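Have a look at coords-v9.txt below; it lists compact mmCIF, C-alpha atoms and all ligand atoms.
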# COMPACT_ATOMS: atom_id res chain seq x y z
CA MET A 1 -18.15 11.06 8.48
CA GLU A 2 -17.12 8.23 6.22
CA THR A 3 -19.28 6.05 4.03
CA VAL A 4 -19.42 2.40 5.04
CA VAL A 5 -20.78 -0.57 3.08
CA SER A 6 -21.01 -4.24 3.95
CA GLY A 7 -23.17 -7.27 3.31
CA ILE A 8 -23.70 -10.87 4.31
CA ARG A 9 -24.88 -13.49 1.87
CA SER A 10 -28.41 -14.76 2.27
CA THR A 11 -27.65 -18.41 2.78
CA GLY A 12 -29.57 -18.91 6.02
CA ASN A 13 -29.02 -18.24 9.71
CA LEU A 14 -26.15 -16.07 10.89
CA HIS A 15 -23.42 -17.64 13.01
CA LEU A 16 -20.89 -16.33 15.50
CA GLY A 17 -18.30 -15.95 12.72
CA ASN A 18 -20.61 -13.53 10.91
CA TYR A 19 -21.32 -11.77 14.16
CA PHE A 20 -17.77 -11.23 15.38
CA GLY A 21 -16.24 -10.87 11.91
CA ALA A 22 -18.77 -8.38 10.59
CA LEU A 23 -22.09 -7.68 12.31
CA LYS A 24 -20.62 -6.49 15.59
CA ASN A 25 -18.79 -3.74 13.71
CA PHE A 26 -21.94 -2.87 11.71
CA ILE A 27 -23.81 -2.25 14.96
CA GLN A 28 -21.14 0.07 16.29
CA MET A 29 -20.47 1.85 13.01
CA GLN A 30 -24.11 2.79 12.41
CA ASN A 31 -23.78 5.31 15.25
CA GLU A 32 -20.80 7.08 13.75
CA HIS A 33 -20.87 6.83 9.98
CA ASN A 34 -23.01 6.94 6.89
CA CYS A 35 -23.68 3.20 6.72
CA TYR A 36 -25.17 0.94 4.05
CA PHE A 37 -25.72 -2.67 5.12
CA PHE A 38 -27.37 -5.18 2.85
CA ILE A 39 -28.38 -8.79 2.34
CA ALA A 40 -26.37 -10.15 -0.56
CA ASP A 41 -29.07 -12.20 -2.23
CA LEU A 42 -27.61 -11.81 -5.74
CA HIS A 43 -24.33 -13.32 -4.52
CA SER A 44 -26.20 -16.28 -3.09
CA LEU A 45 -27.46 -17.27 -6.58
CA THR A 46 -24.06 -18.84 -7.28
CA THR A 47 -25.23 -21.83 -5.22
CA HIS A 48 -28.58 -22.14 -7.06
CA PRO A 49 -31.10 -21.93 -4.17
CA THR A 50 -34.73 -22.82 -4.90
CA PRO A 51 -37.05 -19.77 -5.05
CA GLY A 52 -38.56 -20.82 -1.72
CA ASP A 53 -35.20 -21.18 -0.01
CA LEU A 54 -33.92 -17.89 -1.40
CA HIS A 55 -36.97 -16.02 -0.16
CA LYS A 56 -36.77 -17.62 3.27
CA SER A 57 -33.06 -16.93 3.68
CA VAL A 58 -33.40 -13.26 2.79
CA ARG A 59 -36.05 -12.89 5.46
CA THR A 60 -33.96 -14.80 7.99
CA VAL A 61 -30.90 -12.61 7.50
CA LEU A 62 -32.98 -9.46 7.67
CA VAL A 63 -34.67 -10.56 10.91
CA GLU A 64 -31.32 -11.49 12.43
CA TYR A 65 -29.70 -8.19 11.39
CA LEU A 66 -32.53 -6.34 13.12
CA ALA A 67 -32.49 -8.59 16.18
CA ALA A 68 -28.74 -8.19 16.62
CA GLY A 69 -29.15 -4.43 16.76
CA LEU A 70 -29.11 -2.86 13.30
CA ASP A 71 -31.42 0.13 13.38
CA PRO A 72 -33.09 1.08 10.07
CA GLU A 73 -33.28 4.67 11.29
CA LYS A 74 -29.54 4.88 11.89
CA CYS A 75 -28.25 2.95 8.89
CA THR A 76 -29.50 2.13 5.42
CA LEU A 77 -30.50 -1.51 5.58
CA TYR A 78 -31.56 -3.07 2.27
CA ILE A 79 -31.82 -6.12 0.07
CA GLN A 80 -29.23 -6.13 -2.72
CA SER A 81 -31.66 -7.24 -5.44
CA ASP A 82 -33.95 -4.28 -4.65
CA ILE A 83 -31.26 -2.01 -6.10
CA PRO A 84 -30.97 -2.68 -9.87
CA GLU A 85 -28.24 -0.04 -10.17
CA ILE A 86 -25.85 -2.49 -8.48
CA SER A 87 -26.29 -4.98 -11.32
CA GLU A 88 -25.83 -2.20 -13.85
CA LEU A 89 -22.54 -1.10 -12.33
CA TYR A 90 -21.47 -4.78 -12.15
CA LEU A 91 -21.97 -5.04 -15.91
CA PHE A 92 -19.84 -1.94 -16.59
CA LEU A 93 -17.08 -3.15 -14.26
CA ASN A 94 -17.06 -6.61 -15.86
CA MET A 95 -15.81 -5.08 -19.13
CA ASN A 96 -12.54 -4.23 -17.42
CA ALA A 97 -12.14 -7.29 -15.21
CA TYR A 98 -9.73 -9.83 -16.68
CA LEU A 99 -9.92 -13.59 -16.68
CA GLY A 100 -6.38 -14.04 -15.35
CA GLU A 101 -6.84 -11.88 -12.28
CA LEU A 102 -10.26 -13.38 -11.50
CA GLU A 103 -8.95 -16.93 -11.77
CA ARG A 104 -6.20 -16.14 -9.28
CA VAL A 105 -8.61 -15.16 -6.48
CA ALA A 106 -8.22 -17.59 -3.55
CA SER A 107 -11.98 -17.96 -2.90
CA PHE A 108 -12.54 -18.82 -6.58
CA LYS A 109 -9.74 -21.39 -6.60
CA GLU A 110 -11.23 -22.92 -3.47
CA LYS A 111 -14.65 -23.25 -5.16
CA VAL A 112 -13.05 -24.84 -8.23
CA ARG A 113 -11.54 -27.43 -5.89
CA SER A 114 -14.60 -27.98 -3.73
CA GLN A 115 -17.38 -27.88 -6.32
CA PRO A 116 -15.89 -28.74 -9.73
CA ASN A 117 -19.35 -29.35 -11.19
CA ASN A 118 -20.61 -25.82 -10.55
CA VAL A 119 -17.87 -23.41 -11.58
CA ASN A 120 -20.19 -20.74 -12.97
CA ALA A 121 -19.40 -17.24 -14.26
CA GLY A 122 -21.07 -15.74 -11.19
CA LEU A 123 -18.42 -17.37 -9.02
CA LEU A 124 -15.65 -16.11 -11.28
CA THR A 125 -16.95 -12.53 -11.21
CA TYR A 126 -17.99 -12.61 -7.56
CA PRO A 127 -15.35 -9.96 -6.64
CA VAL A 128 -16.69 -7.70 -9.42
CA LEU A 129 -20.21 -7.78 -8.01
CA MET A 130 -18.76 -7.21 -4.56
CA THR A 131 -16.89 -4.19 -5.92
CA ALA A 132 -20.12 -2.82 -7.38
CA ASP A 133 -21.80 -3.28 -3.98
CA ILE A 134 -19.14 -1.17 -2.34
CA ILE A 135 -18.39 1.56 -4.83
CA ILE A 136 -22.03 2.17 -5.79
CA HIS A 137 -22.13 4.23 -2.57
CA LYS A 138 -18.50 5.43 -2.96
CA ALA A 139 -17.65 3.77 0.34
CA SER A 140 -14.22 3.88 1.93
CA LYS A 141 -14.70 1.48 4.86
CA VAL A 142 -15.89 -2.11 4.65
CA PRO A 143 -16.37 -4.07 7.89
CA VAL A 144 -15.64 -7.73 7.03
CA GLY A 145 -13.84 -10.77 8.39
CA LYS A 146 -10.33 -11.78 7.43
CA ASP A 147 -11.48 -14.05 4.59
CA GLN A 148 -12.62 -10.98 2.60
CA GLU A 149 -9.30 -9.14 2.53
CA GLN A 150 -8.37 -10.22 -0.99
CA HIS A 151 -11.79 -9.19 -2.31
CA LEU A 152 -11.19 -5.69 -0.96
CA GLU A 153 -7.88 -5.55 -2.79
CA MET A 154 -9.74 -6.42 -5.99
CA ALA A 155 -12.31 -3.69 -5.25
CA ARG A 156 -9.50 -1.14 -5.00
CA ASN A 157 -8.04 -2.40 -8.28
CA PHE A 158 -11.33 -2.20 -10.16
CA GLY A 159 -12.22 1.23 -8.76
CA ASN A 160 -8.77 2.61 -9.54
CA ARG A 161 -8.88 1.11 -13.01
CA PHE A 162 -12.13 2.94 -13.72
CA ASN A 163 -10.63 6.20 -12.45
CA ARG A 164 -7.53 5.77 -14.58
CA MET A 165 -9.38 4.69 -17.69
CA TYR A 166 -11.62 7.76 -17.69
CA ASP A 167 -9.06 10.07 -16.12
CA VAL A 168 -11.29 10.96 -13.17
CA GLU A 169 -10.96 10.78 -9.41
CA TYR A 170 -14.40 9.39 -8.92
CA PHE A 171 -14.27 6.25 -6.74
CA PRO A 172 -12.45 6.37 -3.40
CA GLU A 173 -10.36 3.36 -2.31
CA PRO A 174 -12.28 0.99 -0.01
CA TYR A 175 -10.48 -0.75 2.86
CA ALA A 176 -11.50 -3.68 5.05
CA PHE A 177 -12.25 -2.47 8.56
CA ASN A 178 -12.40 -3.81 12.09
CA PHE A 179 -12.61 -1.76 15.28
CA GLY A 180 -10.11 -4.08 16.93
CA LYS A 181 -7.63 -3.21 14.10
CA GLU A 182 -6.88 -6.84 13.12
CA LEU A 183 -9.46 -8.49 10.88
CA ILE A 184 -11.00 -11.48 12.61
CA LYS A 185 -11.21 -15.16 11.77
CA VAL A 186 -13.54 -17.06 14.08
CA PRO A 187 -12.56 -20.76 14.05
CA GLY A 188 -15.05 -23.55 13.47
CA LEU A 189 -15.71 -26.40 15.89
CA ASP A 190 -14.06 -28.95 13.62
CA GLY A 191 -10.54 -28.03 14.77
CA LYS A 192 -9.55 -26.91 11.27
CA GLY A 193 -11.01 -24.04 9.26
CA LYS A 194 -13.11 -20.97 9.94
CA MET A 195 -16.61 -21.09 11.32
CA SER A 196 -18.80 -21.21 8.24
CA LYS A 197 -22.16 -22.43 7.15
CA SER A 198 -20.78 -24.04 4.03
CA ALA A 199 -18.31 -26.14 6.04
CA GLY A 200 -21.25 -27.93 7.68
CA GLU A 201 -23.87 -27.03 10.27
CA ASN A 202 -21.93 -28.62 13.10
CA THR A 203 -18.90 -26.40 12.77
CA ALA A 204 -20.96 -23.26 13.43
CA ILE A 205 -22.92 -21.86 16.36
CA PHE A 206 -25.87 -19.83 15.11
CA LEU A 207 -27.39 -16.74 16.72
CA SER A 208 -30.68 -18.63 16.80
CA ASP A 209 -29.33 -21.81 18.43
CA GLU A 210 -31.14 -23.02 21.55
CA PRO A 211 -29.02 -23.80 24.68
CA GLU A 212 -29.15 -27.56 24.25
CA VAL A 213 -28.06 -27.29 20.63
CA ILE A 214 -25.11 -25.10 21.61
CA LEU A 215 -24.05 -27.57 24.29
CA LYS A 216 -24.38 -30.54 21.95
CA LYS A 217 -22.30 -28.92 19.22
CA ILE A 218 -19.58 -27.77 21.60
CA LYS A 219 -19.38 -31.18 23.24
CA LYS A 220 -18.65 -32.60 19.79
CA ALA A 221 -15.93 -30.03 19.05
CA VAL A 222 -12.64 -31.64 18.13
CA THR A 223 -10.00 -31.66 20.89
CA ASP A 224 -6.65 -33.36 21.37
CA MET A 225 -4.72 -35.29 24.02
CA THR A 226 -4.20 -33.67 27.40
CA PRO A 227 -0.71 -32.12 27.38
CA GLU A 228 2.05 -34.06 29.10
CA GLN A 229 4.59 -31.29 29.44
CA ALA A 230 3.98 -28.03 31.23
CA ASN A 231 3.57 -24.93 29.05
CA SER A 232 3.39 -26.88 25.77
CA PRO A 233 2.35 -25.05 22.60
CA LYS A 234 -1.33 -25.66 21.84
CA PRO A 235 -2.41 -27.73 18.82
CA ASP A 236 -4.87 -25.94 16.47
CA SER A 237 -8.00 -27.60 17.82
CA ILE A 238 -7.22 -26.46 21.39
CA GLN A 239 -6.16 -22.99 20.32
CA ASN A 240 -9.52 -22.76 18.54
CA LEU A 241 -11.39 -23.49 21.78
CA PHE A 242 -9.41 -20.75 23.51
CA ASP A 243 -10.06 -18.36 20.62
CA LEU A 244 -13.79 -19.03 20.88
CA MET A 245 -13.65 -18.51 24.61
CA SER A 246 -11.93 -15.16 24.14
CA LEU A 247 -15.04 -13.95 22.29
CA VAL A 248 -17.62 -14.72 24.95
CA SER A 249 -15.99 -15.56 28.29
CA ALA A 250 -14.73 -13.39 31.14
CA SER A 251 -10.96 -12.87 31.34
CA ASP A 252 -10.61 -14.72 34.67
CA THR A 253 -12.37 -17.74 33.16
CA ILE A 254 -9.93 -17.76 30.26
CA ALA A 255 -6.99 -17.29 32.64
CA HIS A 256 -8.21 -20.27 34.67
CA PHE A 257 -8.24 -22.60 31.68
CA GLU A 258 -4.91 -21.24 30.44
CA GLU A 259 -3.47 -22.20 33.80
CA THR A 260 -4.93 -25.70 33.67
CA TRP A 261 -3.47 -26.10 30.16
CA ASN A 262 -0.08 -24.92 31.32
CA ASN A 263 0.02 -27.25 34.34
CA CYS A 264 -1.46 -30.18 32.38
CA SER A 265 -4.59 -30.52 34.52
CA ILE A 266 -6.98 -29.29 31.82
CA ARG A 267 -10.26 -31.19 31.45
CA TYR A 268 -11.75 -30.51 28.07
CA GLY A 269 -15.22 -31.54 29.28
CA ASP A 270 -15.17 -28.74 31.87
CA MET A 271 -13.84 -26.22 29.41
CA LYS A 272 -16.50 -27.11 26.86
CA LYS A 273 -19.27 -26.87 29.44
CA GLN A 274 -18.09 -23.41 30.43
CA LEU A 275 -17.75 -22.33 26.81
CA ALA A 276 -21.28 -23.52 26.01
CA GLU A 277 -22.64 -21.67 29.02
CA ASP A 278 -20.89 -18.42 28.10
CA MET A 279 -21.96 -18.68 24.47
CA ASN A 280 -25.50 -19.24 25.58
CA THR A 281 -25.38 -16.19 27.87
CA PHE A 282 -24.13 -14.15 24.95
CA ILE A 283 -26.66 -15.50 22.44
CA THR A 284 -29.80 -15.62 24.61
CA PRO A 285 -30.86 -11.95 24.27
CA ILE A 286 -30.29 -12.05 20.50
CA ARG A 287 -32.14 -15.36 20.14
CA GLU A 288 -35.10 -13.95 22.05
CA ARG A 289 -35.12 -10.78 20.02
CA ILE A 290 -35.04 -12.88 16.81
CA LYS A 291 -38.34 -14.45 17.87
CA GLU A 292 -39.87 -11.04 18.57
CA VAL A 293 -38.74 -9.47 15.31
CA ASP A 294 -39.77 -12.57 13.38
CA ALA A 295 -43.34 -12.07 14.56
CA ASP A 296 -43.43 -8.36 13.73
CA LYS A 297 -44.28 -8.17 10.03
CA ASP A 298 -44.94 -4.43 10.06
CA PHE A 299 -41.53 -3.64 11.50
CA ILE A 300 -39.81 -5.85 8.91
CA ALA A 301 -41.83 -4.39 6.03
CA LYS A 302 -41.11 -0.82 7.13
CA ALA A 303 -37.40 -1.53 7.53
CA VAL A 304 -36.99 -2.83 3.95
CA LYS A 305 -39.08 -0.05 2.49
CA ILE A 306 -37.06 2.82 3.94
CA GLY A 307 -33.85 0.91 3.24
CA GLU A 308 -34.72 0.47 -0.42
CA GLU A 309 -35.59 4.15 -0.80
CA LYS A 310 -32.41 5.41 0.81
CA ALA A 311 -30.15 2.92 -0.99
CA ARG A 312 -31.69 3.64 -4.38
CA ALA A 313 -31.30 7.37 -3.94
CA SER A 314 -27.57 6.93 -3.37
CA ALA A 315 -27.11 4.24 -6.06
CA SER A 316 -28.99 6.05 -8.79
CA LYS A 317 -26.93 9.19 -8.28
CA THR A 318 -23.74 7.17 -8.76
CA ILE A 319 -25.07 5.36 -11.83
CA GLN A 320 -26.09 8.60 -13.51
CA GLU A 321 -22.65 10.07 -12.92
CA VAL A 322 -20.89 6.87 -14.02
CA LYS A 323 -22.90 6.74 -17.26
CA GLU A 324 -22.04 10.33 -17.97
CA ILE A 325 -18.33 9.57 -17.38
CA ILE A 326 -18.42 6.46 -19.61
CA GLY A 327 -20.13 8.40 -22.38
CA PHE A 328 -23.69 7.13 -22.23
CA ARG A 329 -25.16 10.52 -22.89
CA LYS A 330 -28.51 11.55 -24.31
CA LEU A 331 -28.19 12.09 -28.06
CA TYR A 332 -30.59 15.01 -28.14
P1 LIG B 401 -20.27 -17.91 5.41
O1 LIG B 401 -18.78 -18.08 5.36
O2 LIG B 401 -20.87 -18.60 6.57
O3 LIG B 401 -20.94 -18.27 4.12
P2 LIG B 401 -20.34 -15.20 4.58
O4 LIG B 401 -19.27 -15.61 3.62
O5 LIG B 401 -21.64 -14.77 4.02
O6 LIG B 401 -20.53 -16.37 5.64
O7 LIG B 401 -19.75 -14.02 5.49
C1 LIG B 401 -20.38 -12.81 5.78
C2 LIG B 401 -19.46 -11.95 6.62
O8 LIG B 401 -19.11 -12.63 7.81
C3 LIG B 401 -18.14 -11.57 5.95
O9 LIG B 401 -17.75 -10.28 6.35
C4 LIG B 401 -17.18 -12.58 6.47
O10 LIG B 401 -15.85 -12.12 6.46
C5 LIG B 401 -17.69 -12.76 7.88
N1 LIG B 401 -17.36 -14.09 8.37
C6 LIG B 401 -17.92 -15.26 8.00
N2 LIG B 401 -17.37 -16.30 8.67
C7 LIG B 401 -16.42 -15.75 9.47
C8 LIG B 401 -15.50 -16.28 10.43
N3 LIG B 401 -15.46 -17.58 10.69
N4 LIG B 401 -14.68 -15.43 11.06
C9 LIG B 401 -14.73 -14.10 10.82
N5 LIG B 401 -15.58 -13.53 9.94
C10 LIG B 401 -16.41 -14.33 9.28
N1 LIG B 402 -18.44 -11.53 -0.09
C1 LIG B 402 -18.98 -11.33 1.22
C2 LIG B 402 -18.94 -12.69 1.94
O1 LIG B 402 -19.01 -13.73 1.36
C3 LIG B 402 -20.37 -10.78 1.22
C4 LIG B 402 -20.41 -9.50 0.47
C5 LIG B 402 -20.96 -9.31 -0.76
C6 LIG B 402 -19.86 -8.25 0.86
N2 LIG B 402 -20.82 -8.01 -1.15
C7 LIG B 402 -20.14 -7.35 -0.18
C8 LIG B 402 -19.17 -7.83 1.98
C9 LIG B 402 -19.75 -6.01 -0.12
C10 LIG B 402 -18.76 -6.49 2.03
C11 LIG B 402 -19.05 -5.60 0.99
O2 LIG B 402 -18.84 -12.69 3.11
What is this file in structure tokens?
Ligand code: ADP
Ligand code: TRP
Amino acid sequence: METVVSGIRSTGNLHLGNYFGALKNFIQMQNEHNCYFFIADLHSLTTHPTPGDLHKSVRTVLVEYLAAGLDPEKCTLYIQSDIPEISELYLFLNMNAYLGELERVASFKEKVRSQPNNVNAGLLTYPVLMTADIIIHKASKVPVGKDQEQHLEMARNFGNRFNRMYDVEYFPEPYAFNFGKELIKVPGLDGKGKMSKSAGENTAIFLSDEPEVILKKIKKAVTDMTPEQANSPKPDSIQNLFDLMSLVSASDTIAHFEETWNNCSIRYGDMKKQLAEDMNTFITPIRERIKEVDADKDFIAKAVKIGEEKARASASKTIQEVKEIIGFRKLY
């Protein structure tokens, strides 16, 4: 049985990108492995949420984790900031993380471009905190979407560097994981990038979205001209619609629209209507469960309490051993 760790930032409601890139694997993995899943509320401080917003988002993510099927009896489900040992390990790892390598990380460079007025040290050392999250439980598998691949490479570097520096074989190498082998990138509805909350509400379909909201967003999704030549290659915006369909629609439905694309009779309005309907069918049971869990304070409170206990037991063991390795030993 392997040890698995993953987290999702607490920036609000979860969307289908989070679900298919990460959460779906969490739900399956909890039955087979020693799993630690958490809400990355420390990571979310890089965007400076108000105390009220931070608190609300943590609760939202927790409720949605539970509603989607994470079982606090099967996995260790916790809030990152409840485990101070993670911040302690982050501090130790920072001493051997170098400016050059951190500045070269694609997600950091993207933030420098997109938010030049808030390039804080937390953003720069984001992969170090992420490494601490993972190796605090000595995990080897990390279910994440494709965008996190480079961060996992950094985690292997930092863990190996620690091992080499102290001449120990303490931390195992963590690898990004997806049951379908390939890591996933769920496209957004804007015809360009990935589905993401930060790219704007309208590019993402949330697990809590009501049917009319889903339909409205999908109707607005970017499309292109109808093809004029049979079997033409698809432009990105159309490929994205097909990619989204492949997540939620039946194979004969997809085959039907493939055929209409290939013989140039495709009607995007019909395709979008079908996609919205299939997304709604997929989301409805989760959306309803979100409402139930949201109303069940005792269940939520119990889940975080046992999660905190189990996660701290594992984290404090690692920190004690790491301190011993580094040389923080009792004088007398
Ligand atoms: P967001 O991009 O909306 O801020 P996060 O960065 O917190 O979401 O992502 C949490 C998890 O969900 C990560 O494992 C990430 O790889 C995955 N994820 C997020 N968006 C997508 C997407 N569009 N496709 C695949 N996986 C995704
Ligand atoms: N960086 C991840 C994201 O933005 C979230 C995350 C933080 C994470 N710590 C992690 C994922 C540890 C896996 C393991 O999506």
Could you work out how far atom CA of Ser114 of chain A lies from atom CA of Glu64 of chain A, giving the answer in Å with one decimal?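 Separating atom CA of Glu64 of chain A from atom CA of Ser114 of chain A is a distance of 28.5 Å.
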Around ligand LIG 402 (chain B), at most 6 Å away and counting all atoms listed in the file, which residues are there? Put them as a ChimeraX atom specification, please. /A:5-9,40,130,133-134,142
Only C-alpha atoms, please: the residues just picked out, written as a compact mmCIF listing (two decimals), keeping the file's coordinate frame.
# COMPACT_ATOMS: atom_id res chain seq x y z
CA VAL A 5 -20.78 -0.57 3.08
CA SER A 6 -21.01 -4.24 3.95
CA GLY A 7 -23.17 -7.27 3.31
CA ILE A 8 -23.70 -10.87 4.31
CA ARG A 9 -24.88 -13.49 1.87
CA ALA A 40 -26.37 -10.15 -0.56
CA MET A 130 -18.76 -7.21 -4.56
CA ASP A 133 -21.80 -3.28 -3.98
CA ILE A 134 -19.14 -1.17 -2.34
CA VAL A 142 -15.89 -2.11 4.65
Residue with smallest distance to Ile79 of chain A - pool A:Ala139, A:Val58, A:Ala121, A:Leu14, counting all atoms listed in the file: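 When distances to Ile79 of chain A are compared using all atoms listed in the file, the smallest one comes from A:Val58.
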Grab me every residue within 9 Å of ligand LIG 401 (chain B), counting all atoms listed in the file, and send it over as a PyMOL selection string. chain A and resi 6-23+40+44+142-149+183-188+193-199+204
Check the smallest atom-to-atom distance from each of A:Tyr126, A:Tyr78, A:Tyr65, A:Tyr36 to Glu309 of chain A using all atoms listed in the file, then report the winner. A:Tyr78
